[in-house]
>>> print(open('run38.txt').read())   # compact mmCIF, C-alpha atoms
# COMPACT_ATOMS: atom_id res chain seq x y z
CA MET A 1190 166.82 44.80 169.01
CA LEU A 1191 168.99 42.63 166.77
CA ILE A 1192 166.11 41.79 164.45
CA THR A 1193 164.88 45.39 164.37
CA ALA A 1194 168.35 46.72 163.51
CA ALA A 1195 168.87 43.99 160.90
CA VAL A 1196 165.51 44.64 159.23
CA TYR A 1197 166.28 48.38 159.24
CA ALA A 1198 169.69 47.67 157.67
CA GLY A 1199 168.11 45.47 155.01
CA THR A 1200 165.42 48.03 154.28
CA THR A 1201 167.45 51.24 154.24
CA HIS A 1202 171.09 50.11 153.92
CA ARG A 1203 172.01 52.85 156.42
CA LEU A 1204 173.51 50.36 158.90
CA SER A 1205 176.17 47.73 158.32
CA ILE A 1206 174.78 44.24 158.88
CA ALA A 1207 178.31 43.01 159.71
CA LEU A 1208 178.65 45.57 162.50
CA ILE A 1209 175.16 44.76 163.79
CA VAL A 1210 175.98 41.05 163.97
CA ILE A 1211 179.35 41.71 165.64
CA ALA A 1212 177.81 44.08 168.20
CA ALA A 1213 175.04 41.59 168.98
CA ALA A 1214 177.51 38.73 169.41
CA ILE A 1215 179.76 40.77 171.70
CA GLY A 1216 176.78 41.99 173.74
CA ALA A 1217 175.43 38.47 174.07
CA ILE A 1218 178.78 37.01 175.11
CA VAL A 1219 179.63 39.75 177.60
CA GLY A 1220 176.13 39.82 179.06
CA ASP A 1221 176.06 36.09 179.58
CA ASN A 1222 179.50 36.13 181.18
CA LEU A 1223 178.15 38.64 183.69
CA GLY A 1224 175.16 36.37 184.29
CA TYR A 1225 177.50 33.43 184.74
CA ALA A 1226 179.60 35.38 187.27
CA ILE A 1227 176.50 36.35 189.26
CA GLY A 1228 175.34 32.74 189.25
CA ARG A 1229 178.79 31.49 190.23
CA LEU A 1230 179.22 33.98 193.07
CA GLY A 1231 175.84 33.60 194.72
CA GLY A 1232 173.39 31.80 192.51
CA TYR A 1233 173.11 28.44 194.23
CA PRO A 1234 172.41 29.91 197.69
CA LEU A 1235 169.75 32.14 196.11
CA LEU A 1236 168.18 29.18 194.30
CA HIS A 1237 168.35 27.08 197.44
CA ARG A 1238 166.79 29.80 199.61
CA TYR A 1239 164.16 31.24 197.22
CA GLY A 1240 163.72 28.45 194.70
CA ARG A 1241 160.58 27.19 196.35
CA TYR A 1242 158.80 30.38 195.21
CA VAL A 1243 159.33 29.32 191.59
CA ARG A 1244 158.79 25.61 192.25
CA LEU A 1245 162.47 24.71 192.57
CA ASP A 1246 162.64 22.34 195.51
CA GLU A 1247 165.74 20.37 196.55
CA ARG A 1248 164.97 17.53 194.12
CA ARG A 1249 164.67 19.90 191.15
CA LEU A 1250 167.88 21.71 192.12
CA THR A 1251 169.65 18.33 192.16
CA LEU A 1252 168.16 17.53 188.77
CA GLY A 1253 169.42 20.90 187.46
CA GLN A 1254 172.93 20.17 188.68
CA TYR A 1255 172.85 16.76 187.04
CA LEU A 1256 171.55 18.16 183.74
CA PHE A 1257 174.18 20.90 183.69
CA ARG A 1258 176.93 18.38 184.36
CA ARG A 1259 175.75 16.11 181.56
CA HIS A 1260 174.32 18.58 179.04
CA GLY A 1261 175.49 22.04 180.15
CA SER A 1262 177.33 22.75 176.91
CA LYS A 1263 174.23 22.00 174.84
CA LEU A 1264 172.02 24.01 177.19
CA VAL A 1265 174.30 27.04 176.90
CA PHE A 1266 174.58 26.80 173.10
CA PHE A 1267 170.94 26.00 172.27
CA GLY A 1268 169.60 28.10 175.14
CA ARG A 1269 170.54 31.14 173.09
CA PHE A 1270 167.73 30.25 170.67
CA VAL A 1271 165.00 29.68 173.31
CA ALA A 1272 163.62 32.87 174.86
CA ILE A 1273 163.10 31.68 178.45
CA LEU A 1274 166.28 29.61 178.56
CA ARG A 1275 168.28 32.47 177.00
CA ALA A 1276 167.46 34.62 180.01
CA PHE A 1277 168.52 32.05 182.61
CA ALA A 1278 171.13 29.73 181.03
CA ALA A 1279 174.15 31.81 182.01
CA PHE A 1280 173.03 32.33 185.61
CA LEU A 1281 172.17 28.65 185.97
CA SER A 1282 175.51 27.66 184.43
CA GLY A 1283 177.33 29.64 187.08
CA ALA A 1284 175.05 28.49 189.89
CA ASN A 1285 175.60 24.86 188.86
CA LEU A 1286 179.39 25.36 188.78
CA MET A 1287 179.88 24.68 185.08
CA PRO A 1288 183.59 25.19 184.31
CA TRP A 1289 184.04 28.75 183.04
CA ARG A 1290 186.22 27.87 180.03
CA ARG A 1291 183.65 25.38 178.78
CA PHE A 1292 180.89 27.91 179.41
CA LEU A 1293 182.85 30.64 177.61
CA PHE A 1294 183.46 28.47 174.55
CA PHE A 1295 179.84 27.34 174.12
CA ASN A 1296 178.47 30.75 175.09
CA ALA A 1297 180.68 32.45 172.49
CA LEU A 1298 179.84 29.85 169.85
CA GLY A 1299 176.12 30.17 170.59
CA GLY A 1300 176.28 33.98 170.62
CA ILE A 1301 178.05 34.11 167.27
CA VAL A 1302 175.71 31.58 165.61
CA TRP A 1303 172.64 33.26 167.14
CA SER A 1304 173.60 36.80 166.13
CA THR A 1305 174.58 35.69 162.62
CA THR A 1306 171.40 33.66 162.10
CA PHE A 1307 168.98 36.27 163.39
CA GLY A 1308 170.96 39.19 161.98
CA LEU A 1309 171.15 37.83 158.46
CA GLY A 1310 167.56 36.59 158.68
CA GLY A 1311 166.34 40.06 159.65
CA TYR A 1312 168.52 41.67 156.98
CA LEU A 1313 167.12 39.40 154.25
CA LEU A 1314 163.60 40.02 155.56
CA GLY A 1315 164.23 43.76 155.33
CA GLN A 1316 165.37 43.42 151.72
CA GLN A 1317 162.24 41.41 150.88
CA LEU A 1318 160.00 43.95 152.58
CA VAL A 1319 161.29 46.62 150.21
CA ARG A 1320 160.67 44.38 147.21
CA LEU A 1321 157.21 43.37 148.41
CA SER A 1322 156.11 46.73 149.81
CA ARG A 1323 154.06 47.81 146.78
CA PRO A 1324 152.00 44.60 146.58
CA ILE A 1325 151.65 44.51 150.38
CA ASP A 1326 150.60 48.17 150.49
CA SER A 1327 147.99 47.51 147.80
CA ALA A 1328 146.71 44.44 149.63
CA LEU A 1329 146.48 46.35 152.92
CA VAL A 1330 144.55 49.19 151.28
CA ALA A 1331 142.17 46.68 149.68
CA ALA A 1332 141.71 44.86 153.00
CA GLY A 1333 141.12 48.16 154.81
CA LEU A 1334 138.50 49.19 152.26
CA ALA A 1335 136.82 45.78 152.53
CA VAL A 1336 136.65 46.06 156.34
CA LEU A 1337 135.28 49.58 156.06
CA ALA A 1338 132.64 48.47 153.54
CA ALA A 1339 131.68 45.51 155.74
CA PHE A 1340 131.34 47.84 158.72
CA PHE A 1341 129.00 50.17 156.81
CA VAL A 1342 126.93 47.24 155.55
CA PHE A 1343 126.67 45.89 159.10
CA LEU A 1344 125.75 49.34 160.41
CA ARG A 1345 123.13 49.82 157.71
CA ARG A 1346 121.51 46.41 158.34
CA ASN A 1347 121.57 46.76 162.15
CA GLU A 1348 120.96 50.48 162.53
CA ASP A 1349 117.42 50.21 163.89
CA ARG A 1350 118.35 47.55 166.44
CA LEU A 1351 121.44 49.50 167.54
CA ILE A 1352 119.42 52.71 167.94
CA GLU A 1353 116.89 50.89 170.14
CA GLU A 1354 119.71 49.44 172.29
CA ALA A 1355 121.32 52.88 172.58
CA GLU A 1356 118.05 54.53 173.61
CA ARG A 1357 117.40 51.85 176.28
CA ALA A 1358 120.95 52.14 177.63
CA ILE A 1359 120.82 55.93 177.79
CA ALA A 1360 117.37 55.87 179.39
CA LEU A 1361 118.65 53.46 182.08
CA ARG A 1362 121.74 55.58 182.71
CA SER A 1363 119.69 58.78 183.07
CA CYS A 1364 117.33 56.99 185.53
CA ASP A 1365 120.35 55.78 187.56
CA SER A 1366 121.92 59.25 187.66
CA ARG A 1367 118.72 60.78 189.08
CA ARG A 1368 118.83 58.46 192.11
>>> encode(input="run38.txt", output="structure tokens")
Amino acid sequence: MLITAAVYAGTTHRLSIALIVIAAAIGAIVGDNLGYAIGRLGGYPLLHRYGRYVRLDERRLTLGQYLFRRHGSKLVFFGRFVAILRAFAAFLSGANLMPWRRFLFFNALGGIVWSTTFGLGGYLLGQQLVRLSRPIDSALVAAGLAVLAAFFVFLRRNEDRLIEEAERAIALRSCDSRR
């Protein structure tokens, strides 16, 4: 959503990129704090009970606790930039009892850097799309015409073979429907 809104803002200038980035950062921070709270309140028992269904046995849960104790801050910050980790980092932080203040700091820092990076990147992409739209449109029309021409050439060269295949297939289908 962030990238879509940022590209739209860069293309049309109808949205403020600053407000998009701020809204994305706030949403990311608040959402992850909720995930952290859920993980803190009941995450470890859930992981312990149902973890085996996602290949989290006791040894891997212990490894997760160790990694969060040693590298939790990095996981929270950089997890924002990795799709799978982004979805689970907050919950796992809470489940592994990462101190909330440390989580909050690195979560906020990661959310701000993430929303700024992707927001401005999408905004600049949107501006470039406007600048490049005429050459891209021309190239797409040329490519479409080339594909269409290739299709007609293929059809013309293979018409007899395709007609024979169609007649055999239809004859078989009509024989099967009579049974």
>>> residues_around(input="run38.txt", residues="Ser1282 of chain A", least_positions_apart="4", cutoff="12 Å", atoms="only C-alpha atoms", output="NGL selection string")
:A and (1221-1233 or 1253-1266 or 1268 or 1274-1278 or 1286-1293 or 1295-1296)
>>> closest_residue(input="run38.txt", among="A:Arg1357, A:His1237, A:Arg1345, A:Arg1269", to="Ser1304 of chain A", atoms="all atoms listed in the file")
A:Arg1269
>>> residues_near_point(input="run38.txt", point="(163.5, 40.8, 159.6)", cutoff="10 Å", atoms="all atoms listed in the file", output="ChimeraX atom specification")
/A:1191-1200,1307-1318
>>> atom_distance(input="run38.txt", atom1="atom CA of Val1302 of chain A", atom2="atom CA of Leu1204 of chain A")
20.1 Å
>>> atom_distance(input="run38.txt", atom1="atom CA of Val1336 of chain A", atom2="atom CA of Arg1350 of chain A")
21.0 Å
>>> atom_distance(input="run38.txt", atom1="atom CA of Ala1284 of chain A", atom2="atom CA of Leu1250 of chain A")
10.1 Å
>>> closest_residue(input="run38.txt", among="A:Ile1359, A:Leu1344, A:Leu1208, A:Val1330", to="Thr1305 of chain A", atoms="only C-alpha atoms")
A:Leu1208
>>> decode(input="run38.txt", residues="segment 1240-1281 of chain A", atoms="N, CA and C atoms", output="short mmCIF file (atom, residue, chain, number, x, y, z; two decimals), in the first residue's frame")
data_model
loop_
_atom_site.label_atom_id
_atom_site.label_comp_id
_atom_site.auth_asym_id
_atom_site.auth_seq_id
_atom_site.Cartn_x
_atom_site.Cartn_y
_atom_site.Cartn_z
N GLY A 1240 4.00 -25.23 17.67
CA GLY A 1240 5.20 -25.01 16.86
C GLY A 1240 5.59 -26.20 16.01
N ARG A 1241 5.31 -27.38 16.49
CA ARG A 1241 5.71 -28.57 15.73
C ARG A 1241 5.05 -28.63 14.36
N TYR A 1242 3.89 -27.96 14.21
CA TYR A 1242 3.19 -27.96 12.92
C TYR A 1242 3.90 -27.09 11.89
N VAL A 1243 4.77 -26.21 12.35
CA VAL A 1243 5.56 -25.37 11.44
C VAL A 1243 7.06 -25.61 11.67
N ARG A 1244 7.36 -26.83 12.11
CA ARG A 1244 8.74 -27.29 12.31
C ARG A 1244 9.51 -26.50 13.37
N LEU A 1245 8.82 -26.08 14.41
CA LEU A 1245 9.46 -25.43 15.54
C LEU A 1245 9.42 -26.37 16.74
N ASP A 1246 10.45 -27.21 16.85
CA ASP A 1246 10.52 -28.10 18.00
C ASP A 1246 11.20 -27.36 19.16
N GLU A 1247 11.39 -28.05 20.27
CA GLU A 1247 11.96 -27.44 21.47
C GLU A 1247 13.35 -26.85 21.20
N ARG A 1248 14.15 -27.54 20.43
CA ARG A 1248 15.51 -27.05 20.13
C ARG A 1248 15.46 -25.75 19.34
N ARG A 1249 14.56 -25.67 18.37
CA ARG A 1249 14.46 -24.44 17.56
C ARG A 1249 13.88 -23.29 18.37
N LEU A 1250 12.97 -23.59 19.28
CA LEU A 1250 12.44 -22.53 20.15
C LEU A 1250 13.56 -21.98 21.05
N THR A 1251 14.41 -22.86 21.54
CA THR A 1251 15.55 -22.43 22.36
C THR A 1251 16.50 -21.59 21.52
N LEU A 1252 16.74 -22.01 20.29
CA LEU A 1252 17.59 -21.23 19.39
C LEU A 1252 16.98 -19.85 19.15
N GLY A 1253 15.67 -19.78 18.96
CA GLY A 1253 14.99 -18.49 18.76
C GLY A 1253 15.16 -17.58 19.95
N GLN A 1254 15.02 -18.13 21.16
CA GLN A 1254 15.21 -17.31 22.36
C GLN A 1254 16.63 -16.78 22.42
N TYR A 1255 17.58 -17.62 22.12
CA TYR A 1255 18.98 -17.22 22.14
C TYR A 1255 19.25 -16.11 21.11
N LEU A 1256 18.74 -16.31 19.90
CA LEU A 1256 18.96 -15.31 18.85
C LEU A 1256 18.30 -13.98 19.20
N PHE A 1257 17.11 -14.02 19.79
CA PHE A 1257 16.46 -12.77 20.17
C PHE A 1257 17.18 -12.09 21.32
N ARG A 1258 17.77 -12.86 22.21
CA ARG A 1258 18.54 -12.23 23.29
C ARG A 1258 19.80 -11.58 22.76
N ARG A 1259 20.45 -12.23 21.81
CA ARG A 1259 21.70 -11.69 21.27
C ARG A 1259 21.49 -10.66 20.17
N HIS A 1260 20.53 -10.90 19.29
CA HIS A 1260 20.38 -10.09 18.08
C HIS A 1260 18.97 -9.54 17.89
N GLY A 1261 18.16 -9.51 18.92
CA GLY A 1261 16.77 -9.09 18.79
C GLY A 1261 16.61 -7.70 18.20
N SER A 1262 17.47 -6.78 18.62
CA SER A 1262 17.38 -5.40 18.11
C SER A 1262 17.58 -5.37 16.60
N LYS A 1263 18.57 -6.11 16.12
CA LYS A 1263 18.84 -6.16 14.68
C LYS A 1263 17.70 -6.85 13.93
N LEU A 1264 17.18 -7.93 14.54
CA LEU A 1264 16.08 -8.64 13.90
C LEU A 1264 14.84 -7.74 13.76
N VAL A 1265 14.56 -6.96 14.79
CA VAL A 1265 13.40 -6.07 14.73
C VAL A 1265 13.63 -4.98 13.69
N PHE A 1266 14.81 -4.37 13.70
CA PHE A 1266 15.09 -3.28 12.75
C PHE A 1266 15.12 -3.79 11.31
N PHE A 1267 15.96 -4.79 11.04
CA PHE A 1267 16.12 -5.26 9.66
C PHE A 1267 14.96 -6.15 9.21
N GLY A 1268 14.24 -6.71 10.17
CA GLY A 1268 13.07 -7.52 9.82
C GLY A 1268 12.02 -6.73 9.07
N ARG A 1269 12.01 -5.44 9.29
CA ARG A 1269 11.06 -4.56 8.59
C ARG A 1269 11.27 -4.63 7.07
N PHE A 1270 12.47 -4.94 6.64
CA PHE A 1270 12.80 -4.93 5.21
C PHE A 1270 12.71 -6.31 4.56
N VAL A 1271 12.39 -7.35 5.34
CA VAL A 1271 12.30 -8.72 4.83
C VAL A 1271 10.85 -9.17 5.00
N ALA A 1272 10.19 -9.50 3.92
CA ALA A 1272 8.75 -9.75 3.92
C ALA A 1272 8.31 -10.76 4.98
N ILE A 1273 8.88 -11.94 5.01
CA ILE A 1273 8.46 -12.97 5.95
C ILE A 1273 8.76 -12.55 7.38
N LEU A 1274 9.95 -12.04 7.60
CA LEU A 1274 10.35 -11.62 8.95
C LEU A 1274 9.51 -10.43 9.42
N ARG A 1275 9.15 -9.54 8.50
CA ARG A 1275 8.32 -8.38 8.86
C ARG A 1275 7.01 -8.83 9.50
N ALA A 1276 6.46 -9.92 9.00
CA ALA A 1276 5.18 -10.40 9.50
C ALA A 1276 5.28 -11.03 10.89
N PHE A 1277 6.44 -11.56 11.25
CA PHE A 1277 6.55 -12.32 12.48
C PHE A 1277 7.48 -11.72 13.53
N ALA A 1278 8.29 -10.73 13.18
CA ALA A 1278 9.31 -10.22 14.10
C ALA A 1278 8.70 -9.68 15.39
N ALA A 1279 7.63 -8.94 15.30
CA ALA A 1279 7.03 -8.35 16.50
C ALA A 1279 6.47 -9.43 17.41
N PHE A 1280 5.72 -10.36 16.86
CA PHE A 1280 5.16 -11.46 17.65
C PHE A 1280 6.28 -12.25 18.32
N LEU A 1281 7.31 -12.59 17.55
CA LEU A 1281 8.42 -13.37 18.10
C LEU A 1281 9.20 -12.58 19.15
#
